[in-house]
Amino acid sequence: MDLDLWTEKYRPPTLREIIGQESIIASLIKFVESKAVPHCLFTGPPGTSKTTAAMAMARDLFGDTFDRNFMELNASDERGIDVVRNQIKNFARTMPSGEAPFKILVLDEADHLTSDAQHALRRTMESYSQSCRMILICNYSSRIIPPIQSRCAIFKFSRLHDNEIAKRLKFIAKQEKIDLTSAGIDAIIYLTEGDMRAAINLLQAASSTGKEITDSIVFAISGRASPESIKKMLNNAYEGKYLDSQDVLRKLMHNEGVSPIDLIKQIHREVESLSLSNQEQMSILEQIAEIEFRIGEGANGEIQLAALLAHIGIGSERDE
């Protein structure tokens, strides 16, 4: 491939190319234009462009001096107080290169930092704020101590809308010459629940089959059950067809290899599709929570799910 074409195709994204977070991106663009970036805390679900936005902002701000003025650390790997005292402090205390007004340090998965490390970090943020701005990225802002939160501009990233993910998947499929059906797109969106990174990874995995990407291929590749199968199993249980619902359960677990923990999560999503009274739904949801806990603690998944199906069937008979 020609070098210029490769560079254009694989160049890093800019802030204006990030989709689904318009209000946040507008604020970051203003920071870049004014060259006045505060300490930031990016929080939200996985796959919603938090890390991409931080790196794009730094690239837009620094240009050719990006490599000298930018540093990224993953706090889930290095989360002790020594990292703050050594790596972070040494980077923050040195002056920026070129005409950059300051450096940018991105601390990904900052909610994995220990409490001691976070308390040491707050002092570093104050002492070297003139030479370095910090961007902390996390999934759960509640795990960041209040003194750090008060020093940051907090941006809460939301899950991406289904239409935005579908549009991006179609664009990628067109660029890579992949035959992606609308049913395949719907299946990817159903499984990834607003996570763009997971959606793209699932599309790539499904494309490895070399076939037209349909919903059946997507569910098979992901090791998850189709919503139709889950609904069929629940309806059979609710209508008193316990053996039929058991057959569907065994097929999903033994033939399709769906894990019990994934099944219980999908059952939780599909319970609303049943024609249930409020009382029935509350009873089943309570049982789902109990069984999810038991499976997580090591109980036999098939036995626990069979008990849930029995509970649904008994509940329907009790209300007759």
# chains A, B, ... in the order shown; residues from 1 in each chain; ligands from 1
$ residues_around --residues "stretch 165-173 of chain A" --least-positions-apart "6" --cutoff "7 Å" --atoms "only C-alpha atoms" --output "ChimeraX atom specification"
/A:179-180,185,196
$ closest_residue --among "A:Leu160, A:Ile312, A:Leu243, A:Leu113" --to "A:Gln21" --atoms "only C-alpha atoms"
A:Leu160
$ residues_around --residues "A:Gly47" --least-positions-apart "6" --cutoff "9 Å" --atoms "only C-alpha atoms" --output "PDB file with C-alpha atoms, in the first residue's frame"
ATOM      1  CA  ARG A 159     -23.693   5.041  26.093  1.00  0.00           C
ATOM      2  CA  LEU A 160     -23.862   5.533  22.351  1.00  0.00           C
ATOM      3  CA  GLY A 194     -23.916   0.961  23.474  1.00  0.00           C
ATOM      4  CA  ASP A 195     -20.238  -0.097  23.600  1.00  0.00           C
ATOM      5  CA  MET A 196     -18.662   0.983  20.297  1.00  0.00           C
ATOM      6  CA  ARG A 197     -15.374  -0.824  20.947  1.00  0.00           C
ATOM      7  CA  ALA A 198     -17.147  -4.113  21.636  1.00  0.00           C
ATOM      8  CA  ALA A 199     -19.301  -3.621  18.534  1.00  0.00           C
TER       9      ALA A 199
END
$ residues_around --residues "stretch 297-308 of chain A" --least-positions-apart "4" --cutoff "9 Å" --atoms "only C-alpha atoms" --output "list in words"
Ser245, Gln246, Leu249, Arg250, Met253, Ser259, Pro260, Ile261, Leu263, Ile264, Ile284, Gln287, Ile288, Ile291, Glu292, Phe293, Ile312 and Gly313 of chain A
$ select_by_dssp --residues "stretch 104-269 of chain A" --states "strand (DSSP E)" --output "VMD selection string"
chain A and resid 104 to 108 132 to 138 153 to 156
$ closest_residue --among "A:Ala56, A:Ala220, A:Ala205, A:Cys152" --to "A:Arg122" --atoms "only C-alpha atoms"
A:Cys152
$ decode --residues "stretch 300-313 of chain A" --atoms "all heavy atoms" --output "tab-separated table (two decimals), in the first residue's frame"
chain	number	residue	atom	x	y	z
A	300	ASN	N	-23.81	-24.69	40.61
A	300	ASN	CA	-23.98	-25.28	39.29
A	300	ASN	C	-24.99	-24.45	38.48
A	300	ASN	O	-26.15	-24.30	38.86
A	300	ASN	CB	-24.48	-26.73	39.43
A	300	ASN	CG	-24.61	-27.42	38.09
A	300	ASN	OD1	-25.54	-27.17	37.34
A	300	ASN	ND2	-23.66	-28.29	37.78
A	301	GLY	N	-24.52	-23.93	37.33
A	301	GLY	CA	-25.35	-23.03	36.54
A	301	GLY	C	-26.59	-23.67	35.98
A	301	GLY	O	-27.68	-23.07	35.99
A	302	GLU	N	-26.49	-24.92	35.49
A	302	GLU	CA	-27.65	-25.57	34.89
A	302	GLU	C	-28.74	-25.83	35.94
A	302	GLU	O	-29.93	-25.62	35.67
A	302	GLU	CB	-27.22	-26.89	34.24
A	302	GLU	CG	-28.35	-27.58	33.49
A	302	GLU	CD	-27.90	-28.79	32.71
A	302	GLU	OE1	-26.66	-29.01	32.62
A	302	GLU	OE2	-28.77	-29.52	32.20
A	303	ILE	N	-28.32	-26.26	37.12
A	303	ILE	CA	-29.30	-26.53	38.18
A	303	ILE	C	-30.00	-25.24	38.60
A	303	ILE	O	-31.22	-25.19	38.79
A	303	ILE	CB	-28.62	-27.19	39.39
A	303	ILE	CG1	-28.13	-28.60	39.01
A	303	ILE	CG2	-29.55	-27.25	40.59
A	303	ILE	CD1	-27.32	-29.29	40.09
A	304	GLN	N	-29.23	-24.17	38.74
A	304	GLN	CA	-29.80	-22.90	39.17
A	304	GLN	C	-30.77	-22.34	38.13
A	304	GLN	O	-31.85	-21.84	38.48
A	304	GLN	CB	-28.68	-21.88	39.44
A	304	GLN	CG	-27.77	-22.23	40.60
A	304	GLN	CD	-28.53	-22.27	41.91
A	304	GLN	OE1	-29.38	-21.43	42.18
A	304	GLN	NE2	-28.22	-23.26	42.74
A	305	LEU	N	-30.42	-22.43	36.85
A	305	LEU	CA	-31.30	-21.92	35.80
A	305	LEU	C	-32.55	-22.79	35.67
A	305	LEU	O	-33.65	-22.28	35.41
A	305	LEU	CB	-30.55	-21.87	34.47
A	305	LEU	CG	-29.49	-20.77	34.39
A	305	LEU	CD1	-28.59	-20.98	33.18
A	305	LEU	CD2	-30.13	-19.39	34.33
A	306	ALA	N	-32.41	-24.10	35.87
A	306	ALA	CA	-33.58	-24.98	35.85
A	306	ALA	C	-34.53	-24.61	36.99
A	306	ALA	O	-35.76	-24.63	36.83
A	306	ALA	CB	-33.14	-26.43	35.97
A	307	ALA	N	-33.96	-24.28	38.15
A	307	ALA	CA	-34.78	-23.86	39.28
A	307	ALA	C	-35.51	-22.55	38.97
A	307	ALA	O	-36.67	-22.36	39.38
A	307	ALA	CB	-33.90	-23.69	40.52
A	308	LEU	N	-34.85	-21.64	38.24
A	308	LEU	CA	-35.51	-20.38	37.86
A	308	LEU	C	-36.69	-20.65	36.93
A	308	LEU	O	-37.77	-20.05	37.10
A	308	LEU	CB	-34.50	-19.46	37.17
A	308	LEU	CG	-35.07	-18.17	36.58
A	308	LEU	CD1	-35.69	-17.30	37.67
A	308	LEU	CD2	-33.98	-17.39	35.83
A	309	LEU	N	-36.51	-21.53	35.96
A	309	LEU	CA	-37.61	-21.87	35.05
A	309	LEU	C	-38.77	-22.50	35.82
A	309	LEU	O	-39.94	-22.22	35.54
A	309	LEU	CB	-37.11	-22.82	33.95
A	309	LEU	CG	-36.04	-22.26	33.00
A	309	LEU	CD1	-35.61	-23.33	32.00
A	309	LEU	CD2	-36.54	-21.03	32.26
A	310	ALA	N	-38.44	-23.35	36.80
A	310	ALA	CA	-39.48	-23.95	37.62
A	310	ALA	C	-40.22	-22.89	38.43
A	310	ALA	O	-41.45	-22.92	38.56
A	310	ALA	CB	-38.86	-24.99	38.56
A	311	HIS	N	-39.48	-21.92	38.94
A	311	HIS	CA	-40.08	-20.82	39.71
A	311	HIS	C	-41.05	-20.03	38.83
A	311	HIS	O	-42.14	-19.65	39.28
A	311	HIS	CB	-39.00	-19.91	40.26
A	311	HIS	CG	-39.51	-18.72	40.98
A	311	HIS	ND1	-39.92	-18.75	42.31
A	311	HIS	CD2	-39.72	-17.43	40.57
A	311	HIS	CE1	-40.32	-17.57	42.67
A	311	HIS	NE2	-40.22	-16.74	41.64
A	312	ILE	N	-40.67	-19.78	37.58
A	312	ILE	CA	-41.54	-19.03	36.67
A	312	ILE	C	-42.83	-19.83	36.41
A	312	ILE	O	-43.94	-19.27	36.42
A	312	ILE	CB	-40.81	-18.75	35.34
A	312	ILE	CG1	-39.66	-17.77	35.58
A	312	ILE	CG2	-41.78	-18.17	34.31
A	312	ILE	CD1	-38.76	-17.56	34.36
A	313	GLY	N	-42.67	-21.14	36.18
A	313	GLY	CA	-43.84	-21.98	35.91
A	313	GLY	C	-44.76	-22.10	37.11
A	313	GLY	O	-45.99	-21.99	36.99
